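Coordinates as given in coords.csv (CSV, C-alpha atoms):
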chain,number,residue,atom,x,y,z
A,13,MET,CA,34.3,67.9,20.3
A,14,LYS,CA,31.1,69.5,19.1
A,15,LYS,CA,31.9,68.5,15.5
A,16,THR,CA,32.4,64.9,16.6
A,17,THR,CA,29.1,64.9,18.5
A,18,LYS,CA,27.2,66.4,15.5
A,19,PHE,CA,28.8,63.8,13.2
A,20,LEU,CA,27.8,61.0,15.5
A,21,LEU,CA,24.2,62.3,15.8
A,22,ALA,CA,24.0,62.6,12.0
A,23,ALA,CA,25.3,59.1,11.5
A,24,ALA,CA,22.8,57.8,14.1
A,25,ALA,CA,20.0,59.5,12.2
A,26,ILE,CA,21.1,58.0,8.9
A,27,ILE,CA,21.3,54.5,10.4
A,28,PHE,CA,17.8,55.0,11.9
A,29,VAL,CA,16.4,56.0,8.6
A,30,LEU,CA,18.1,53.1,6.8
A,31,ASN,CA,16.8,50.7,9.3
A,32,ALA,CA,13.3,52.0,8.9
A,33,ILE,CA,13.6,51.6,5.1
A,34,ILE,CA,14.9,48.1,5.5
A,35,SER,CA,12.1,47.3,7.9
A,36,VAL,CA,9.4,48.5,5.5
A,37,SER,CA,11.0,46.6,2.6
A,38,ALA,CA,11.3,43.4,4.7
A,39,HIS,CA,7.6,43.6,5.7
A,40,GLU,CA,6.1,44.8,2.5
A,41,ILE,CA,2.4,45.7,2.2
A,42,LEU,CA,0.9,44.1,-0.8
A,43,ALA,CA,1.0,46.1,-4.0
A,44,ASP,CA,-1.9,46.0,-6.6
A,45,SER,CA,0.2,45.2,-9.7
A,46,LYS,CA,3.0,42.9,-8.4
A,47,ASN,CA,3.5,39.2,-8.7
A,48,TYR,CA,4.8,37.6,-5.5
A,49,SER,CA,6.6,34.3,-4.8
A,50,TRP,CA,6.3,33.2,-1.2
A,51,TYR,CA,9.6,33.4,0.7
A,52,PHE,CA,10.9,33.2,4.2
A,53,VAL,CA,14.3,33.3,5.9
A,54,PRO,CA,15.1,30.7,8.6
A,55,VAL,CA,16.7,31.9,11.8
A,56,LYS,CA,18.9,30.2,14.4
A,57,ASP,CA,17.9,28.6,17.7
A,58,ASN,CA,14.5,27.5,16.6
A,59,GLY,CA,13.1,31.0,16.3
A,60,GLN,CA,10.3,32.0,14.0
A,61,PRO,CA,11.6,32.9,10.5
A,62,SER,CA,11.3,36.4,8.9
A,63,PHE,CA,9.2,37.1,5.9
A,64,ASP,CA,9.3,39.7,3.1
A,65,ILE,CA,5.5,40.2,3.3
A,66,ASN,CA,3.6,41.9,6.1
A,67,LEU,CA,1.7,39.0,7.8
A,68,ASP,CA,-0.9,41.2,9.3
A,69,ASP,CA,-1.6,42.6,5.8
A,70,ILE,CA,-2.2,39.2,4.2
A,71,LYS,CA,-4.5,38.2,7.1
A,72,ASN,CA,-6.8,40.9,5.8
A,73,TYR,CA,-7.3,38.6,2.8
A,74,GLY,CA,-7.7,35.4,4.9
A,75,ALA,CA,-4.1,34.3,4.3
A,76,TYR,CA,-1.9,32.6,6.9
A,77,ALA,CA,1.7,31.4,7.1
A,78,ILE,CA,2.6,30.8,10.8
A,79,GLY,CA,0.9,30.4,14.2
A,80,ASN,CA,1.4,31.7,17.7
A,81,LYS,CA,5.1,32.2,18.6
A,82,ASN,CA,4.3,31.2,22.2
A,83,ASP,CA,2.7,27.9,21.4
A,84,LYS,CA,4.7,24.7,20.6
A,85,VAL,CA,2.4,23.7,17.8
A,86,LEU,CA,3.1,22.5,14.3
A,87,TYR,CA,0.8,22.4,11.3
A,88,LEU,CA,1.7,19.7,8.8
A,89,THR,CA,0.8,20.3,5.2
A,90,PHE,CA,1.6,18.4,2.1
A,91,ASP,CA,1.5,19.4,-1.6
A,92,PHE,CA,0.3,16.3,-3.3
A,93,GLY,CA,0.4,16.3,-7.1
A,94,TYR,CA,0.7,12.6,-7.9
A,95,GLU,CA,1.3,9.2,-6.2
A,96,ASN,CA,4.6,7.3,-6.7
A,97,GLY,CA,4.3,5.1,-3.7
A,98,ASN,CA,5.7,7.5,-1.2
A,99,VAL,CA,2.5,9.4,-0.5
A,100,LYS,CA,0.9,6.3,1.0
A,101,LYS,CA,4.1,5.8,3.1
A,102,CYS,CA,3.7,9.3,4.4
A,103,LEU,CA,0.1,8.8,5.2
A,104,ASP,CA,0.9,5.6,7.0
A,105,ALA,CA,3.5,7.4,9.1
A,106,LEU,CA,0.9,10.1,10.1
A,107,ASN,CA,-1.7,7.5,11.0
A,108,LYS,CA,0.8,5.4,13.0
A,109,ASN,CA,1.6,8.4,15.2
A,110,ASN,CA,-2.1,9.6,15.3
A,111,VAL,CA,-1.1,12.9,13.7
A,112,LYS,CA,-3.3,14.7,11.2
A,113,GLY,CA,-2.2,16.6,8.1
A,114,THR,CA,-3.6,18.7,5.3
A,115,PHE,CA,-3.0,17.5,1.7
A,116,PHE,CA,-3.3,20.1,-1.1
A,117,ILE,CA,-4.2,18.2,-4.3
A,118,LEU,CA,-4.7,18.6,-8.1
A,119,ASP,CA,-7.3,17.1,-10.3
A,120,ASN,CA,-4.9,14.4,-11.4
A,121,VAL,CA,-4.9,13.0,-7.9
A,122,ILE,CA,-8.7,12.8,-7.8
A,123,LYS,CA,-8.8,10.9,-11.1
A,124,SER,CA,-5.9,8.6,-10.4
A,125,ASN,CA,-6.0,8.0,-6.6
A,126,PRO,CA,-9.6,8.3,-5.4
A,127,GLU,CA,-9.2,5.4,-2.9
A,128,LEU,CA,-6.1,7.0,-1.3
A,129,LEU,CA,-8.1,10.3,-0.9
A,130,LYS,CA,-11.0,8.4,0.7
A,131,GLU,CA,-8.5,6.8,3.1
A,132,MET,CA,-7.2,10.3,4.0
A,133,ILE,CA,-10.7,11.6,4.8
A,134,GLU,CA,-11.6,8.4,6.7
A,135,THR,CA,-8.5,8.6,8.9
A,136,GLY,CA,-9.2,12.3,9.8
A,137,HIS,CA,-6.9,14.2,7.5
A,138,THR,CA,-7.9,17.3,5.5
A,139,VAL,CA,-7.9,17.5,1.7
A,140,ALA,CA,-7.6,20.9,0.3
A,141,ASN,CA,-7.2,22.9,-3.0
A,142,HIS,CA,-4.0,23.3,-5.0
A,143,THR,CA,-5.9,24.2,-8.3
A,144,MET,CA,-6.9,21.9,-11.1
A,145,LYS,CA,-3.6,22.0,-13.2
A,146,HIS,CA,-1.0,23.7,-11.0
A,147,LYS,CA,-1.0,26.8,-13.2
A,148,ASN,CA,0.7,30.1,-12.2
A,149,MET,CA,-2.4,31.8,-11.0
A,150,CYS,CA,-0.8,35.2,-11.2
A,151,ASN,CA,-1.4,35.1,-15.0
A,152,ILE,CA,-5.1,34.7,-14.6
A,153,LYS,CA,-6.8,38.1,-14.3
A,154,ASN,CA,-10.3,37.2,-15.1
A,155,PHE,CA,-12.4,36.2,-12.1
A,156,ASN,CA,-14.5,33.6,-14.0
A,157,GLU,CA,-11.4,31.8,-15.4
A,158,TYR,CA,-9.8,31.9,-11.9
A,159,GLU,CA,-12.9,30.5,-10.3
A,160,LYS,CA,-12.9,27.5,-12.7
A,161,GLU,CA,-9.4,26.5,-11.5
A,162,ILE,CA,-10.6,26.6,-7.9
A,163,THR,CA,-14.2,25.5,-7.9
A,164,GLY,CA,-13.6,23.0,-10.7
A,165,LEU,CA,-11.4,21.0,-8.4
A,166,GLU,CA,-13.8,21.3,-5.6
A,167,LYS,CA,-16.7,20.0,-7.7
A,168,LEU,CA,-14.7,17.1,-9.1
A,169,PHE,CA,-13.6,16.1,-5.6
A,170,GLU,CA,-17.1,16.1,-4.3
A,171,GLU,CA,-18.5,14.2,-7.3
A,172,THR,CA,-15.7,11.6,-7.2
A,173,ILE,CA,-14.9,11.2,-3.5
A,174,GLY,CA,-18.3,11.9,-2.0
A,175,HIS,CA,-17.1,14.5,0.5
A,176,LYS,CA,-16.8,18.3,0.4
A,177,MET,CA,-13.4,19.8,-0.1
A,178,ALA,CA,-12.0,21.9,2.8
A,179,LYS,CA,-12.0,25.6,2.0
A,180,TYR,CA,-8.2,25.9,2.2
A,181,TYR,CA,-6.1,26.9,-0.8
A,182,ARG,CA,-2.3,26.8,-1.5
A,183,PRO,CA,-1.0,28.7,-4.6
A,184,PRO,CA,1.2,26.5,-6.8
A,185,LYS,CA,4.8,27.3,-6.1
A,186,GLY,CA,3.7,30.0,-3.7
A,187,GLU,CA,3.1,32.4,-6.6
A,188,PHE,CA,0.3,34.9,-6.0
A,189,THR,CA,-1.0,38.5,-6.4
A,190,LYS,CA,-3.1,40.7,-4.2
A,191,GLN,CA,-5.9,40.1,-6.6
A,192,ASN,CA,-5.5,36.3,-6.2
A,193,LEU,CA,-5.9,36.7,-2.4
A,194,GLU,CA,-9.0,38.8,-3.0
A,195,TYR,CA,-10.5,36.2,-5.3
A,196,ASN,CA,-9.7,33.4,-2.8
A,197,LYS,CA,-11.5,35.3,-0.1
A,198,GLN,CA,-14.4,36.0,-2.4
A,199,LEU,CA,-14.7,32.2,-3.1
A,200,GLY,CA,-14.7,31.5,0.6
A,201,TYR,CA,-11.2,30.1,0.7
A,202,LYS,CA,-8.4,30.8,3.2
A,203,THR,CA,-4.9,30.9,1.6
A,204,ILE,CA,-2.2,28.8,3.4
A,205,PHE,CA,1.5,29.6,2.9
A,206,TRP,CA,4.2,28.1,5.1
A,207,SER,CA,7.1,28.9,7.5
A,208,LEU,CA,9.2,25.6,7.4
A,209,ALA,CA,10.2,23.7,4.3
A,210,TYR,CA,13.3,22.4,2.5
A,211,LYS,CA,14.2,21.3,-1.1
A,212,ASP,CA,12.4,18.0,-1.2
A,213,TRP,CA,10.5,18.2,-4.5
A,214,ASP,CA,13.2,16.9,-6.9
A,215,ASN,CA,12.8,13.2,-6.9
A,216,ASP,CA,16.0,12.8,-8.9
A,217,SER,CA,18.1,14.6,-6.3
A,218,GLN,CA,16.8,13.5,-2.8
A,219,PRO,CA,18.7,14.9,0.2
A,220,ASP,CA,20.4,12.7,2.8
A,221,ARG,CA,18.0,11.5,5.4
A,222,ALA,CA,20.0,12.1,8.6
A,223,ALA,CA,21.0,15.5,7.4
A,224,THR,CA,17.4,16.4,6.5
A,225,ILE,CA,16.2,15.4,10.0
A,226,LYS,CA,18.8,17.6,11.5
A,227,LYS,CA,18.0,20.5,9.2
A,228,MET,CA,14.3,20.3,9.9
A,229,LEU,CA,14.8,20.0,13.7
A,230,ASP,CA,17.2,23.0,13.7
A,231,ARG,CA,14.6,25.1,11.9
A,232,THR,CA,11.5,23.9,13.7
A,233,HIS,CA,9.8,26.7,15.6
A,234,ASN,CA,6.6,27.5,17.5
A,235,GLY,CA,3.6,27.8,15.2
A,236,ALA,CA,5.4,26.4,12.2
A,237,VAL,CA,3.3,25.7,9.1
A,238,VAL,CA,5.4,22.8,7.7
A,239,LEU,CA,5.3,22.2,3.9
A,240,LEU,CA,6.4,18.8,2.7
A,241,HIS,CA,6.1,17.0,-0.7
A,242,PRO,CA,4.8,13.5,0.0
A,243,THR,CA,6.3,12.2,-3.3
A,244,SER,CA,9.7,12.6,-1.7
A,245,ALA,CA,11.5,9.3,-0.9
A,246,THR,CA,13.4,11.1,1.9
A,247,ASN,CA,10.2,12.3,3.5
A,248,ALA,CA,8.6,8.9,3.2
A,249,ALA,CA,11.6,7.4,5.0
A,250,ILE,CA,12.0,10.0,7.7
A,251,LEU,CA,8.5,11.2,8.6
A,252,ASP,CA,7.8,8.6,11.3
A,253,ASN,CA,11.1,9.4,13.0
A,254,LEU,CA,10.7,13.2,12.5
A,255,ILE,CA,7.3,13.1,14.1
A,256,GLN,CA,8.6,11.2,17.1
A,257,GLU,CA,11.5,13.7,17.4
A,258,TRP,CA,9.0,16.6,17.3
A,259,LYS,CA,6.9,15.0,20.0
A,260,ALA,CA,9.9,14.3,22.2
A,261,LEU,CA,10.7,18.1,22.0
A,262,GLY,CA,7.3,18.9,23.3
A,263,TYR,CA,5.5,19.9,20.1
A,264,ARG,CA,1.9,19.1,19.4
A,265,PHE,CA,0.1,19.0,16.1
A,266,GLY,CA,-2.7,21.4,15.2
A,267,SER,CA,-5.2,21.7,12.4
A,268,LEU,CA,-5.7,24.5,9.9
A,269,ASP,CA,-9.1,25.2,11.6
A,270,GLU,CA,-7.1,26.1,14.7
A,271,LEU,CA,-4.5,28.1,12.8
A,272,THR,CA,-7.1,30.3,11.0
A,273,LYS,CA,-9.7,30.7,13.7
Kindly present the structure from the file in structure tokens form.
Amino acid sequence: MKKTTKFLLAAAAIIFVLNAIISVSAHEILADSKNYSWYFVPVKDNGQPSFDINLDDIKNYGAYAIGNKNDKVLYLTFDFGYENGNVKKCLDALNKNNVKGTFFILDNVIKSNPELLKEMIETGHTVANHTMKHKNMCNIKNFNEYEKEITGLEKLFEETIGHKMAKYYRPPKGEFTKQNLEYNKQLGYKTIFWSLAYKDWDNDSQPDRAATIKKMLDRTHNGAVVLLHPTSATNAAILDNLIQEWKALGYRFGSLDELTK
């Protein structure tokens, strides 16, 4: 009997240690010399997802991915690299429902679609920084070179559109380093990741619309930072309906100013 008790106690201790190791691994503190790619794991029953990075740690660098778990609020964000007709449809859906979003843009958008950007600003949306050329910023170690990708876009936007760019930044493909976050903070930018997204970026393989609405609603959670690509034909077709479904479920729509205050 004593041997059995000792065995059970030893097994329990091993399980405790393993759980502690897994917990640390699943909520990693940022390392100095590691490249990261943003990742989250959806959970059932509209709960907040889990992340492989410690969210409190990245907040030290002015980085955010999710809001209050007790607040039925959504933050809509869009990675806008070019216009193919669908971006305007997404913007129209937002405006129809009086919902504001944040559009992270590249220099190509400023040069090719200045009037669309002006419409976004005039209708109350936020336009923010996605770098000049959508480079993997992990590869840029020199601060001056890094700064050019960020402030270069900011200056081009102000000169072309006549408005200041919001000081929010999203790393291309969610790739970043601890140094990147430090540079962003030094440049006065808050880094915005996400907690709700789906595979919408491949225009040659767009998902079924009804199935996408179901998937998004199943994964919607309090404080969600939603990432959508407005070039997606599926998003252009479902966004109006999706917003109305979210509203019917009691969600409201917040700004990044609220998320990061």
Quiz item: Could you state the separation of CA of Asp214 in chain A and CA of Glu131 in chain A in Å, given to one decimal place?
Solution: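 Separation between CA of Asp214 in chain A and CA of Glu131 in chain A: 25.9 Å.
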I'd like a table as JSON lines: residues in range 79-99 of chain A with an atom no more than 10 Å from range 203-207 of chain A, each row giving the shortest atom pair and its distance in Å to one decimal, all atoms listed in the file counted, sorted by chain and rising residue number.
{"residue": "A:Gly79", "atom": "CA", "partner": "A:Ser207", "partner_atom": "CA", "distance": 9.3}
{"residue": "A:Tyr87", "atom": "CA", "partner": "A:Trp206", "partner_atom": "CA", "distance": 9.1}
{"residue": "A:Leu88", "atom": "CA", "partner": "A:Trp206", "partner_atom": "CA", "distance": 9.5}
{"residue": "A:Thr89", "atom": "CA", "partner": "A:Trp206", "partner_atom": "CA", "distance": 8.5}
Save out the residues we just selected, C-alpha atoms, as a compact mmCIF listing (two decimals), in the coordinates of the input.
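Result saved to selection_32.txt:
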# COMPACT_ATOMS: atom_id res chain seq x y z
CA GLY A 79 0.90 30.40 14.20
CA TYR A 87 0.80 22.40 11.30
CA LEU A 88 1.70 19.70 8.80
CA THR A 89 0.80 20.30 5.20
Quiz item: Contacts of Pro219 in chain A at 12 Å or less, counting only C-alpha atoms, minus same-chain residues fewer than 3 places along, as a list in words?
Solution: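 Listing them by chain and then by number gives Tyr210, Lys211, Asp212, Trp213, Asp214, Asn215, Asp216, Ala222, Ala223, Thr224, Ile225, Lys226, Lys227, Met228, Ser244, Ala245, Thr246, Asn247, Ala249 and Ile250 of chain A.
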Quiz item: CA of Tyr181 in chain A to CA of Arg221 in chain A: how many Å, to one decimal?
Solution: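 Between these atoms lies a distance of 29.3 Å.
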Self-check item: Distance of CA of Thr163 in chain A from CA of Leu103 in chain A, expressed in Å to one decimal place
Solution: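 Distance reported for this atom pair: 25.6 Å.
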Practice problem: Find the residues around Asp83 in chain A up to 10 Å (all atoms listed in the file counted), leave out those fewer than 6 positions away in its own chain, and share them as a list in words. | Solution: His233, Asn234, Gly235, Ala236, Tyr263 and Arg264 of chain A
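Ranking A:Lys84, A:Lys130, A:Lys108, A:Lys71 by their shortest atom-to-atom distance to Thr172 in chain A, with only C-alpha atoms included, puts A:Lys130 first.
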Quiz item: Using all atoms listed in the file, which residue out of A:Met144, A:Met149, A:Leu106, A:Ala260 lies closest to Leu118 in chain A?
Solution: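 Of A:Met144, A:Met149, A:Leu106, A:Ala260, the one nearest Leu118 in chain A is A:Met144, counting all atoms listed in the file.
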Practice problem: Compile the contact shell of Ile173 in chain A as a list of chain:residue names: residues with an atom at most 9 Å away, counting all atoms listed in the file, same-chain residues fewer than 6 positions apart removed. | Solution: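 With the cut-off at 9 Å, the set is A:Ile122, A:Pro126, A:Glu127, A:Leu129, A:Lys130.
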Quiz item: Which residue, A:Asn80, A:Asn58, A:Thr135, A:Asn156, has the smallest gap to Leu229 in chain A when you use all atoms listed in the file?
Solution: A:Asn58
Quiz item: With distances taken over all atoms listed in the file, which of A:Leu67, A:Gly97, A:Lys167, A:Thr232 is nearest to Ile255 in chain A?
Solution: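 Of all the options, A:Thr232 lies closest to Ile255 in chain A.
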Practice problem: Point out the residue among A:Asp230, A:Glu194, A:Leu240, A:Gly74 with the least atom-to-atom distance to Asp57 in chain A, counting all atoms listed in the file. | Solution: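 The shortest atom-to-atom distance to Asp57 in chain A comes from A:Asp230.
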Self-check item: Which of A:Leu86, A:Cys102, A:Ile117, A:Leu168 sits closest to Ala248 in chain A [using all atoms listed in the file]
Solution: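 Comparing A:Leu86, A:Cys102, A:Ile117, A:Leu168 against Ala248 in chain A, the winner is A:Cys102.
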